[in-house]
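Chemist: Below is a structure I'd like to ask you about.
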Amino acid sequence: MKFGVIGGALALTLGLAGPALADIKIGASVSETGPASSLGDPEAKTLKLLVDEINAAGGVLGQKIKLFLYDDGGDPNKARTFATRLVEDDEVVAIVGGSTTGTTMSIVSVVENAKIPFISLAGAIEIIDPVKPFVFKTPHTDRMACRKIFEDMKAKGFSKIALISGSDGFGASMRKQCLQVIGEFGITVLAEETYGPNDADMTPQLTNIRSKAEVQAILNPGFGQGPAIVTRNYGQLGIKTPLYQSHGVASKSFIDLAGPASEGVRLPGTAVLVANLLPANDPQKAVVSAYTSAYQAKFNQPASTFGGYAHDGLRLLVDAIKRAGKAEPKAIRDALEGTKGFVGVTGTFNMAGGDHLGLDLTAFRMLEIKGGNWALVQ
Amino acid sequence: MPELLQYLLSGVTVGAVYALVALGFTLIYNASDVVNFAQGEFVMLGGMITFFAWQAGIPLPLAALLAILAAATIGVLLNKLAIEPARGAPVASLIIITIGASIFLRGSAQLVFDKQLHRFPSFSGDDPLRVFGATMLPQGLWVIAGAVAVFLVLWLFFARTLTGKAVLATANNRIAASLVGINPNHMMTLSFAVSAAIGALAGVLVTPITLTSYDLGVAMALKGFAAAMLGGMGVPAGALVGGLLLGLIEALTAGYVSSVYKDAVAFILILVILFARPQGLFGRKAMDRV
């Protein structure tokens with residue numbers, strides 16, 4: 001009798017625990033705090049938002065998603081520890097995350113050994129070039145941003161430009177990528193300046209650029225407060241040469257920080273920034289509007305490009321699990337590589353064996369700041 | 001010629017920012033020989049509290065006052081809760097405590113406020129002032145005026161007031177100071193309150209130029225510390241001159257040599273000066289009576 005009761009209780013417990021055991025476990029390590037928190041914070045918020053949304057709609061293949069989310073604080077060592085924990089203790093079937101190139105590279109070494117598919121949210125081209133079997137990424141590369149900018153310059157007939165770049169990781173990396181592809185567009189750099197990530201005034205550098213009369217456009221690869229201060233100083237000095245910023249500052253707060261001097265500044269950005277400006281027939285219109293309005297409603301702040309990377313990372317994963325028909329790492333990897341025509345908020349993804357990013361230049365929109373807001377350049 | 005003038009104006013603006021931060025180190029150092037590495041966090045708090053108070057609808061001058069008072073209160077708490085209990089510990093331990101306090105304040109600011117960059121409007125608009133083809137922002141004048149005013153107040157305080165002399169006496173010999181009726185704890189509390197207020201004032205004045213975020217303090221403290229060492233730690237005139245000199249060296253290097261070597265040239269010059277005058281440009285030679 002006694003055994004019967006215990007047995008019954010045991011069966012009941014097991015029965016209740018059953019569905020929980022079958023959850024699809026997805027891991028994430030992003031830089032919610034620390035120096036890269038402006039990337040990791042919207043990414044973490046987006047992942048939580050989407051998992052709730054997907055589970056409320058019945059989950060994937062009839063199973064709920066269980067998200068294991070860790071904050072690596074931008075520290076590559078912590079990212080490696082969390083990646084190991086995700087693989088060994090949490091036994092996830094796939095990982096999304098790695099807000100910075102540094103943390104991504106740490107996670108890559110773990111997932112390649114464990115053979116777990118990983119979608120990175122960081123920019124560097126080195127992540128997917130050369131292709132690593134289990135590593136994918138959603139953000140476009142800096143090199144693509146350079147190409148997009150140079151395409152626009154070429155169309156406007158600019159062939160002599162000046163470069164003023166931040167000496168931080170993002171600025172230095174993008175400067176290098178730009179100089180690698182600039183030859184393809186017949187554009188030459190007449191003047192080059194740099195500034196430190198915490199500098200308060202860039203007028204000496206801009207004065208030097210201004211003194212070169214042949215310069216037709218100025219490009220500022222940078223991230224954080226640097227580009228906002230460069231833009232303010234550009235206005236202060238009354239420079240009339242067109243100014244191009246990078247995708248690193250593609251957020252509404254840049255316009256607020258840079259003030260009226262930002263009028264006319266051009267930069268490549270994703271559709272997330274201009275959800276309401278997209279024409280109704282734009283293929284990304286529906287998915288971008290759904291994401292930005294859900295994010296705004298839940299967190300009461302506008303969605304950012306970075307959150308968009310996480311959105312696409314998780315949605316790509318869910319799409320791959322659906323097509324694979326099972327939540328098993330190898331099958332998910334194969335399905336991810338076979339992704340075709342997947343419309344995300346960052347762009348339309350067409351993965352292949354030799355391309356684990358799957359975006360082309362159409363994913364970038366050339367934007368211009370007009371009247372204190374974004375406008376699409378046609 | 002307009003180029004040179006532009007470099008000079010830029011150097012003076014940035015230099016005044018460094019000088020304001022450097023001046024904040026003076027008081028605590030004079031009271032206790034402790035270099036307060038949390039000084040940069042007071043600059044950050046000044047900017048951040050002002051921004052969030054202003055955003056909540058409080059007029060800017062009132063928000064700035066609120067930020068300065070709040071920072072002074074935090075300075076007093078820092079002394080009461082972290083420095084005073086460690087009374088008698090060697091100076092190096094106290095300096096390490098201030099580094100811990102800086103990490104704590106930065107982490108708290110990240111939670112209490114947010115991780116975004118912020119800015120509030122300049123006090124006198126953003127239309128640049130034109131001088132012979134070079135330009136300067138009106139806010140730059142505010143920063144310079146602030147640095148000069150803080151310098152004058154500190155100088156008068158140490159040279160002309162009894163309290164100022166009491167602060168110096170406390171650092172010189174704690175026991176002797178107590179014997180002549182000075183309460184060293186009161187002097188420490190006072191110096192932390194005023195240093196924090198100076199830091200917050202710096203934050204209020206420079207934010208329209210440099211922008212602010214929770215992690216701004218480290219970079220500010222580093223440059224301010226370099227400026228204070230260059231001029232002579234603990235001497236108000238040294239902080240002012242050291243800051244301006246550092247800003248000018250940076251701007252002129254960026255203008256005439258290369259912006260890549262801007263920071264390197266500035267720090268190499270500081271090293272050279274400190275080799276020749278280890279006590280800094282205006283510093284007093286340390287003398288120990290045997």
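All residue names refer to the structure tokens as shown: chains lettered A, B, ... in order, residues numbered from 1 in each chain, ligands numbered from 1 in order.
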Going by DSSP on the backbone, which bits of stretch 24-138 of chain A are strand (DSSP E)? Write them as a list in words, please.

Modeler: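 Strand (DSSP E) members of stretch 24-138 of chain A, listed: Ile24, Lys25, Ile26, Gly27, Ala28, Ser29, Val30, Ile65, Lys66, Leu67, Phe68, Leu69, Tyr70, Asp71, Ala94, Ile95, Val96, Gly97, Phe118, Ile119, Ser120, Val135, Phe136 and Lys137 of chain A.
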
Chemist: Those residues you just picked out, can you put them in a file as a PDB file, in the first residue's frame with N, CA and C atoms?

Modeler:
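The resulting file, selection-v5.pdb, is shown below:
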ATOM      1  N   ILE A  24      13.355  22.225 -25.840  1.00  0.00           N
ATOM      2  CA  ILE A  24      14.508  22.476 -26.702  1.00  0.00           C
ATOM      3  C   ILE A  24      15.399  23.485 -25.984  1.00  0.00           C
ATOM      4  N   LYS A  25      16.612  23.050 -25.649  1.00  0.00           N
ATOM      5  CA  LYS A  25      17.502  23.924 -24.871  1.00  0.00           C
ATOM      6  C   LYS A  25      18.396  24.731 -25.810  1.00  0.00           C
ATOM      7  N   ILE A  26      18.268  26.055 -25.717  1.00  0.00           N
ATOM      8  CA  ILE A  26      19.108  26.932 -26.526  1.00  0.00           C
ATOM      9  C   ILE A  26      19.933  27.811 -25.586  1.00  0.00           C
ATOM     10  N   GLY A  27      21.212  27.899 -25.844  1.00  0.00           N
ATOM     11  CA  GLY A  27      22.103  28.668 -24.983  1.00  0.00           C
ATOM     12  C   GLY A  27      22.407  30.034 -25.560  1.00  0.00           C
ATOM     13  N   ALA A  28      22.762  30.990 -24.674  1.00  0.00           N
ATOM     14  CA  ALA A  28      23.166  32.308 -25.140  1.00  0.00           C
ATOM     15  C   ALA A  28      24.150  32.906 -24.151  1.00  0.00           C
ATOM     16  N   SER A  29      25.207  33.516 -24.663  1.00  0.00           N
ATOM     17  CA  SER A  29      26.126  34.282 -23.828  1.00  0.00           C
ATOM     18  C   SER A  29      26.342  35.613 -24.524  1.00  0.00           C
ATOM     19  N   VAL A  30      25.801  36.686 -23.938  1.00  0.00           N
ATOM     20  CA  VAL A  30      25.946  38.011 -24.538  1.00  0.00           C
ATOM     21  C   VAL A  30      26.516  38.976 -23.502  1.00  0.00           C
ATOM     22  N   ILE A  65      10.758  26.226 -25.974  1.00  0.00           N
ATOM     23  CA  ILE A  65      12.182  26.567 -25.962  1.00  0.00           C
ATOM     24  C   ILE A  65      12.574  26.949 -24.542  1.00  0.00           C
ATOM     25  N   LYS A  66      13.686  26.403 -24.075  1.00  0.00           N
ATOM     26  CA  LYS A  66      14.218  26.838 -22.779  1.00  0.00           C
ATOM     27  C   LYS A  66      15.530  27.562 -23.052  1.00  0.00           C
ATOM     28  N   LEU A  67      15.576  28.845 -22.659  1.00  0.00           N
ATOM     29  CA  LEU A  67      16.751  29.672 -22.951  1.00  0.00           C
ATOM     30  C   LEU A  67      17.684  29.721 -21.746  1.00  0.00           C
ATOM     31  N   PHE A  68      18.947  29.375 -21.951  1.00  0.00           N
ATOM     32  CA  PHE A  68      19.969  29.529 -20.912  1.00  0.00           C
ATOM     33  C   PHE A  68      20.794  30.757 -21.274  1.00  0.00           C
ATOM     34  N   LEU A  69      20.519  31.873 -20.581  1.00  0.00           N
ATOM     35  CA  LEU A  69      21.138  33.144 -20.961  1.00  0.00           C
ATOM     36  C   LEU A  69      22.174  33.563 -19.929  1.00  0.00           C
ATOM     37  N   TYR A  70      23.410  33.794 -20.373  1.00  0.00           N
ATOM     38  CA  TYR A  70      24.465  34.252 -19.469  1.00  0.00           C
ATOM     39  C   TYR A  70      25.003  35.600 -19.920  1.00  0.00           C
ATOM     40  N   ASP A  71      25.485  36.375 -18.950  1.00  0.00           N
ATOM     41  CA  ASP A  71      26.074  37.690 -19.219  1.00  0.00           C
ATOM     42  C   ASP A  71      27.587  37.588 -19.066  1.00  0.00           C
ATOM     43  N   ALA A  94      22.097  24.324 -29.336  1.00  0.00           N
ATOM     44  CA  ALA A  94      22.660  25.377 -30.175  1.00  0.00           C
ATOM     45  C   ALA A  94      22.911  26.601 -29.312  1.00  0.00           C
ATOM     46  N   ILE A  95      23.824  27.470 -29.769  1.00  0.00           N
ATOM     47  CA  ILE A  95      24.160  28.674 -29.009  1.00  0.00           C
ATOM     48  C   ILE A  95      24.013  29.900 -29.917  1.00  0.00           C
ATOM     49  N   VAL A  96      23.403  30.958 -29.341  1.00  0.00           N
ATOM     50  CA  VAL A  96      23.357  32.259 -30.010  1.00  0.00           C
ATOM     51  C   VAL A  96      24.131  33.213 -29.113  1.00  0.00           C
ATOM     52  N   GLY A  97      24.896  34.139 -29.656  1.00  0.00           N
ATOM     53  CA  GLY A  97      25.545  35.106 -28.771  1.00  0.00           C
ATOM     54  C   GLY A  97      26.901  35.552 -29.248  1.00  0.00           C
ATOM     55  N   PHE A 118      26.535  27.349 -33.669  1.00  0.00           N
ATOM     56  CA  PHE A 118      26.672  28.628 -32.959  1.00  0.00           C
ATOM     57  C   PHE A 118      26.420  29.757 -33.936  1.00  0.00           C
ATOM     58  N   ILE A 119      25.499  30.659 -33.569  1.00  0.00           N
ATOM     59  CA  ILE A 119      25.263  31.847 -34.402  1.00  0.00           C
ATOM     60  C   ILE A 119      25.812  33.057 -33.675  1.00  0.00           C
ATOM     61  N   SER A 120      26.855  33.667 -34.231  1.00  0.00           N
ATOM     62  CA  SER A 120      27.505  34.806 -33.590  1.00  0.00           C
ATOM     63  C   SER A 120      26.796  36.112 -33.935  1.00  0.00           C
ATOM     64  N   VAL A 135      29.981  27.325 -37.200  1.00  0.00           N
ATOM     65  CA  VAL A 135      29.874  28.742 -36.835  1.00  0.00           C
ATOM     66  C   VAL A 135      29.176  29.552 -37.939  1.00  0.00           C
ATOM     67  N   PHE A 136      28.146  30.296 -37.519  1.00  0.00           N
ATOM     68  CA  PHE A 136      27.406  31.173 -38.430  1.00  0.00           C
ATOM     69  C   PHE A 136      27.368  32.558 -37.807  1.00  0.00           C
ATOM     70  N   LYS A 137      26.962  33.571 -38.580  1.00  0.00           N
ATOM     71  CA  LYS A 137      26.759  34.878 -37.950  1.00  0.00           C
ATOM     72  C   LYS A 137      25.689  35.663 -38.686  1.00  0.00           C
TER      73      LYS A 137
END

Chemist: Please, which residues in chain B fall within 8 Å of chain A when counting only C-alpha atoms, and what is the closest atom pair and distance in Å to one decimal for each, ordered by chain then residue number, as a tab-separated table?

Modeler:
residue	atom	partner	partner_atom	distance
B:Glu3	CA	A:Thr207	CA	6.6
B:Gln6	CA	A:Pro204	CA	6.7
B:Tyr7	CA	A:Pro204	CA	5.3
B:Ser10	CA	A:Thr203	CA	6.4
B:Val14	CA	A:Ala200	CA	6.4
B:Lys115	CA	A:Ser38	CA	6.5
B:Gln116	CA	A:Ser38	CA	6.7
B:Leu117	CA	A:Gln225	CA	7.1
B:His118	CA	A:Leu257	CA	7.0
B:Arg119	CA	A:Leu257	CA	6.4
B:Asp127	CA	A:Gln236	CA	7.5
B:Pro128	CA	A:Gln236	CA	5.7
B:Ala134	CA	A:Leu237	CA	7.6
B:Thr135	CA	A:Leu237	CA	6.3
B:Met136	CA	A:Gln236	CA	7.4
B:Leu137	CA	A:Gln236	CA	7.3
B:Ile209	CA	A:Ala200	CA	6.6
B:Thr210	CA	A:Ala200	CA	4.8
B:Leu211	CA	A:Gln225	CA	7.0
B:Asp215	CA	A:Pro35	CA	7.8
B:Leu216	CA	A:Asn198	CA	7.9
B:Ala219	CA	A:Asn198	CA	6.6
B:Ala251	CA	A:Pro204	CA	6.1
B:Leu252	CA	A:Pro204	CA	7.7
B:Ala254	CA	A:Pro204	CA	6.2
B:Gly255	CA	A:Pro204	CA	5.1
B:Ser258	CA	A:Glu193	CA	7.4
B:Ser259	CA	A:Thr194	CA	5.5
B:Val260	CA	A:Thr194	CA	5.8

Chemist: Generate the output file for the selected residues, C-alpha atoms, as a PDB file, in the first residue's frame.

Modeler:
ATOM      1  CA  GLU B   3      45.183  76.383 -37.889  1.00  0.00           C
ATOM      2  CA  GLN B   6      42.376  76.312 -33.721  1.00  0.00           C
ATOM      3  CA  TYR B   7      44.868  73.862 -32.187  1.00  0.00           C
ATOM      4  CA  SER B  10      41.148  73.003 -28.799  1.00  0.00           C
ATOM      5  CA  VAL B  14      40.460  69.948 -23.478  1.00  0.00           C
ATOM      6  CA  LYS B 115      24.456  52.042 -20.088  1.00  0.00           C
ATOM      7  CA  GLN B 116      23.718  54.640 -22.757  1.00  0.00           C
ATOM      8  CA  LEU B 117      25.581  57.819 -23.682  1.00  0.00           C
ATOM      9  CA  HIS B 118      23.920  61.034 -22.543  1.00  0.00           C
ATOM     10  CA  ARG B 119      24.196  64.756 -23.023  1.00  0.00           C
ATOM     11  CA  ASP B 127      26.818  78.471 -31.814  1.00  0.00           C
ATOM     12  CA  PRO B 128      30.614  78.510 -32.043  1.00  0.00           C
ATOM     13  CA  ALA B 134      39.244  79.601 -35.536  1.00  0.00           C
ATOM     14  CA  THR B 135      36.238  78.488 -33.533  1.00  0.00           C
ATOM     15  CA  MET B 136      35.440  77.585 -29.967  1.00  0.00           C
ATOM     16  CA  LEU B 137      32.264  76.433 -28.267  1.00  0.00           C
ATOM     17  CA  ILE B 209      31.333  68.680 -24.685  1.00  0.00           C
ATOM     18  CA  THR B 210      32.504  65.167 -23.798  1.00  0.00           C
ATOM     19  CA  LEU B 211      29.100  63.468 -23.331  1.00  0.00           C
ATOM     20  CA  ASP B 215      32.054  54.242 -17.574  1.00  0.00           C
ATOM     21  CA  LEU B 216      33.407  57.717 -18.319  1.00  0.00           C
ATOM     22  CA  ALA B 219      39.389  57.753 -18.649  1.00  0.00           C
ATOM     23  CA  ALA B 251      46.246  69.255 -29.556  1.00  0.00           C
ATOM     24  CA  LEU B 252      49.521  70.524 -31.014  1.00  0.00           C
ATOM     25  CA  ALA B 254      47.550  66.029 -33.269  1.00  0.00           C
ATOM     26  CA  GLY B 255      47.799  69.154 -35.400  1.00  0.00           C
ATOM     27  CA  SER B 258      50.170  63.040 -36.165  1.00  0.00           C
ATOM     28  CA  SER B 259      46.987  62.253 -34.296  1.00  0.00           C
ATOM     29  CA  VAL B 260      48.193  58.631 -34.002  1.00  0.00           C
TER      30      VAL B 260
END

Chemist: Can you pull out the residues contacting stretch 352-363 of chain A? Cut-off 9 Å, using only C-alpha atoms, and skip same-chain residues under 4 positions away; I want them as a ChimeraX atom specification.

Modeler: /A:128-133,135-141,144-145,147-148,269-271,336-340,345-348

Chemist: Set the distance at 7 Å and use only C-alpha atoms: which residues neighbour A:Ser99 once local chain neighbours fewer than 5 positions away are removed? I'd like the list as a count of residues only.

Modeler: 7

Chemist: For A:Met366, list every protein, DNA or RNA residue within 12 Å, evaluated using only C-alpha atoms, and leave out those in the same chain fewer than 2 positions away; present the list as a PyMOL selection string.

Modeler: chain A and resi 145-153+244-247+250+265-271+273-274+361-364+368-369+374-378

Chemist: Take the residues from that selection and put them in a file with N, CA and C atoms, as a compact mmCIF listing (two decimals), in the first residue's frame.

Modeler:
# COMPACT_ATOMS: atom_id res chain seq x y z
N ALA A 145 29.97 47.14 -45.03
CA ALA A 145 29.60 48.53 -44.75
C ALA A 145 30.49 49.48 -45.55
N CYS A 146 31.79 49.16 -45.62
CA CYS A 146 32.73 49.99 -46.41
C CYS A 146 32.27 50.02 -47.86
N ARG A 147 31.96 48.83 -48.40
CA ARG A 147 31.55 48.76 -49.81
C ARG A 147 30.31 49.60 -50.05
N LYS A 148 29.34 49.50 -49.11
CA LYS A 148 28.09 50.24 -49.27
C LYS A 148 28.38 51.75 -49.31
N ILE A 149 29.26 52.19 -48.40
CA ILE A 149 29.60 53.61 -48.34
C ILE A 149 30.32 54.05 -49.62
N PHE A 150 31.30 53.25 -50.05
CA PHE A 150 32.07 53.61 -51.24
C PHE A 150 31.19 53.61 -52.49
N GLU A 151 30.22 52.69 -52.53
CA GLU A 151 29.27 52.64 -53.64
C GLU A 151 28.54 53.98 -53.75
N ASP A 152 28.10 54.48 -52.58
CA ASP A 152 27.36 55.74 -52.55
C ASP A 152 28.27 56.90 -52.94
N MET A 153 29.52 56.87 -52.42
CA MET A 153 30.46 57.95 -52.78
C MET A 153 30.71 57.96 -54.28
N TYR A 244 30.41 61.03 -43.89
CA TYR A 244 29.84 59.68 -43.83
C TYR A 244 30.20 59.06 -42.49
N GLN A 245 29.22 58.51 -41.80
CA GLN A 245 29.47 57.75 -40.57
C GLN A 245 29.31 56.27 -40.89
N SER A 246 29.66 55.41 -39.92
CA SER A 246 29.57 53.98 -40.18
C SER A 246 28.31 53.40 -39.54
N HIS A 247 28.07 52.10 -39.78
CA HIS A 247 26.94 51.41 -39.16
C HIS A 247 27.12 51.30 -37.65
N ALA A 250 24.63 53.53 -35.94
CA ALA A 250 23.29 53.53 -36.51
C ALA A 250 22.24 53.35 -35.43
N VAL A 265 24.29 63.99 -42.66
CA VAL A 265 25.25 62.90 -42.49
C VAL A 265 24.66 61.62 -43.08
N ARG A 266 25.49 60.86 -43.81
CA ARG A 266 25.01 59.62 -44.40
C ARG A 266 25.68 58.43 -43.73
N LEU A 267 24.96 57.33 -43.61
CA LEU A 267 25.56 56.11 -43.09
C LEU A 267 24.75 54.90 -43.52
N PRO A 268 25.41 53.73 -43.58
CA PRO A 268 24.68 52.51 -43.91
C PRO A 268 24.02 51.95 -42.65
N GLY A 269 22.77 51.59 -42.74
CA GLY A 269 22.07 51.04 -41.57
C GLY A 269 21.15 49.92 -42.00
N THR A 270 20.55 49.25 -41.02
CA THR A 270 19.64 48.17 -41.37
C THR A 270 18.20 48.67 -41.35
N ALA A 271 17.32 47.83 -41.85
CA ALA A 271 15.91 48.20 -41.96
C ALA A 271 15.29 48.48 -40.60
N LEU A 273 16.09 50.44 -38.30
CA LEU A 273 16.06 51.86 -37.96
C LEU A 273 14.93 52.60 -38.65
N VAL A 274 14.50 52.07 -39.79
CA VAL A 274 13.57 52.83 -40.62
C VAL A 274 12.31 52.03 -40.91
N LEU A 361 24.89 43.10 -50.11
CA LEU A 361 24.85 44.53 -49.85
C LEU A 361 23.43 45.09 -49.76
N THR A 362 22.45 44.37 -50.32
CA THR A 362 21.08 44.89 -50.26
C THR A 362 20.57 44.94 -48.83
N ALA A 363 21.23 44.18 -47.92
CA ALA A 363 20.80 44.20 -46.52
C ALA A 363 21.03 45.58 -45.89
N PHE A 364 22.01 46.31 -46.40
CA PHE A 364 22.25 47.67 -45.90
C PHE A 364 21.38 48.67 -46.65
N GLU A 368 20.20 58.85 -44.65
CA GLU A 368 20.68 60.22 -44.47
C GLU A 368 19.87 60.84 -43.34
N ILE A 369 20.54 61.66 -42.53
CA ILE A 369 19.82 62.31 -41.44
C ILE A 369 19.19 63.59 -41.98
N TRP A 374 15.89 59.79 -39.57
CA TRP A 374 16.46 59.04 -40.68
C TRP A 374 15.62 59.23 -41.93
N ALA A 375 16.28 59.23 -43.07
CA ALA A 375 15.57 59.21 -44.34
C ALA A 375 16.29 58.21 -45.24
N LEU A 376 15.52 57.49 -46.07
CA LEU A 376 16.13 56.53 -46.99
C LEU A 376 16.69 57.26 -48.20
N VAL A 377 17.94 56.93 -48.55
CA VAL A 377 18.52 57.50 -49.76
C VAL A 377 18.12 56.60 -50.92
N GLN A 378 17.48 57.18 -51.94
CA GLN A 378 17.03 56.34 -53.06
C GLN A 378 18.15 56.12 -54.06

Chemist: Could you check how far atom CA of B:Gly40 sits from atom CA of B:Val21, in Å to one decimal?

Modeler: 7.2 Å

Chemist: Considering only C-alpha atoms, return as a PyMOL selection string whatever protein or nucleic-acid residues lie within 6 Å of stretch 200-202 of chain B, sequence-local ones (same chain, fewer than 2 positions apart) excluded.

Modeler: chain B and resi 20+42-43+46+68+197-198+204-205

Chemist: Would you export the selected residues with N, CA and C atoms as a JSON list (two decimals), in the first residue's frame, please?

Modeler:
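Ended up saving to selection.json:
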[["chain", "number", "residue", "atom", "x", "y", "z"],
["B", 20, "LEU", "N", 40.14, 70.61, -14.45],
["B", 20, "LEU", "CA", 39.03, 70.51, -13.49],
["B", 20, "LEU", "C", 39.08, 69.18, -12.76],
["B", 42, "PHE", "N", 33.21, 60.66, -9.49],
["B", 42, "PHE", "CA", 32.45, 61.85, -9.09],
["B", 42, "PHE", "C", 32.14, 62.70, -10.32],
["B", 43, "VAL", "N", 33.08, 62.75, -11.26],
["B", 43, "VAL", "CA", 32.85, 63.48, -12.52],
["B", 43, "VAL", "C", 31.68, 62.82, -13.26],
["B", 46, "GLY", "N", 28.39, 63.52, -11.48],
["B", 46, "GLY", "CA", 27.94, 64.88, -11.75],
["B", 46, "GLY", "C", 27.17, 64.96, -13.05],
["B", 68, "ILE", "N", 25.59, 68.05, -7.64],
["B", 68, "ILE", "CA", 26.78, 68.39, -6.85],
["B", 68, "ILE", "C", 26.56, 68.01, -5.39],
["B", 197, "ALA", "N", 32.38, 67.29, -4.62],
["B", 197, "ALA", "CA", 31.62, 68.40, -5.21],
["B", 197, "ALA", "C", 32.38, 68.99, -6.40],
["B", 198, "ILE", "N", 33.70, 69.13, -6.27],
["B", 198, "ILE", "CA", 34.50, 69.66, -7.38],
["B", 198, "ILE", "C", 34.41, 68.70, -8.58],
["B", 204, "VAL", "N", 29.37, 68.33, -14.52],
["B", 204, "VAL", "CA", 28.30, 69.19, -15.01],
["B", 204, "VAL", "C", 28.81, 70.07, -16.16],
["B", 205, "LEU", "N", 30.01, 70.63, -15.99],
["B", 205, "LEU", "CA", 30.52, 71.58, -16.99],
["B", 205, "LEU", "C", 30.97, 70.89, -18.27]]

Chemist: Which residue, A:Met351, A:Ala155, A:Val215, A:Ile125, has the smallest gap to A:Lys176 when you use only C-alpha atoms?

Modeler: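 Among A:Met351, A:Ala155, A:Val215, A:Ile125, it is A:Ile125 that comes nearest to A:Lys176.
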
Chemist: Need to verify the contact set: B:Ala70, 9 Å, only C-alpha atoms, exclusion of same-chain residues closer than 3 positions in sequence. Can you return it as a ChimeraX atom specification?

Modeler: /B:45-46,49,65-67,73-75,197,200

Chemist: Please, could you write that set of residues out with C-alpha atoms as a short mmCIF file (atom, residue, chain, number, x, y, z; two decimals), in the first residue's frame?

Modeler:
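The result, stored in selection-v6.cif:
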data_model
loop_
_atom_site.label_atom_id
_atom_site.label_comp_id
_atom_site.auth_asym_id
_atom_site.auth_seq_id
_atom_site.Cartn_x
_atom_site.Cartn_y
_atom_site.Cartn_z
CA LEU B 45 28.06 61.12 -11.18
CA GLY B 46 27.94 64.88 -11.75
CA ILE B 49 22.71 62.76 -12.05
CA LEU B 65 23.06 71.78 -7.96
CA LEU B 66 21.28 68.57 -6.99
CA ALA B 67 24.01 66.51 -8.67
CA THR B 73 26.95 63.26 0.10
CA ILE B 74 28.33 60.17 -1.64
CA GLY B 75 31.84 61.50 -0.99
CA ALA B 197 31.62 68.40 -5.21
CA ALA B 200 30.65 66.68 -9.86
#

Chemist: Counting only C-alpha atoms, which residue out of B:Phe275, B:Phe151, B:Phe120, B:Phe267 sits closest to B:Thr50?

Modeler: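 Closest to B:Thr50 of all the choices is B:Phe120.
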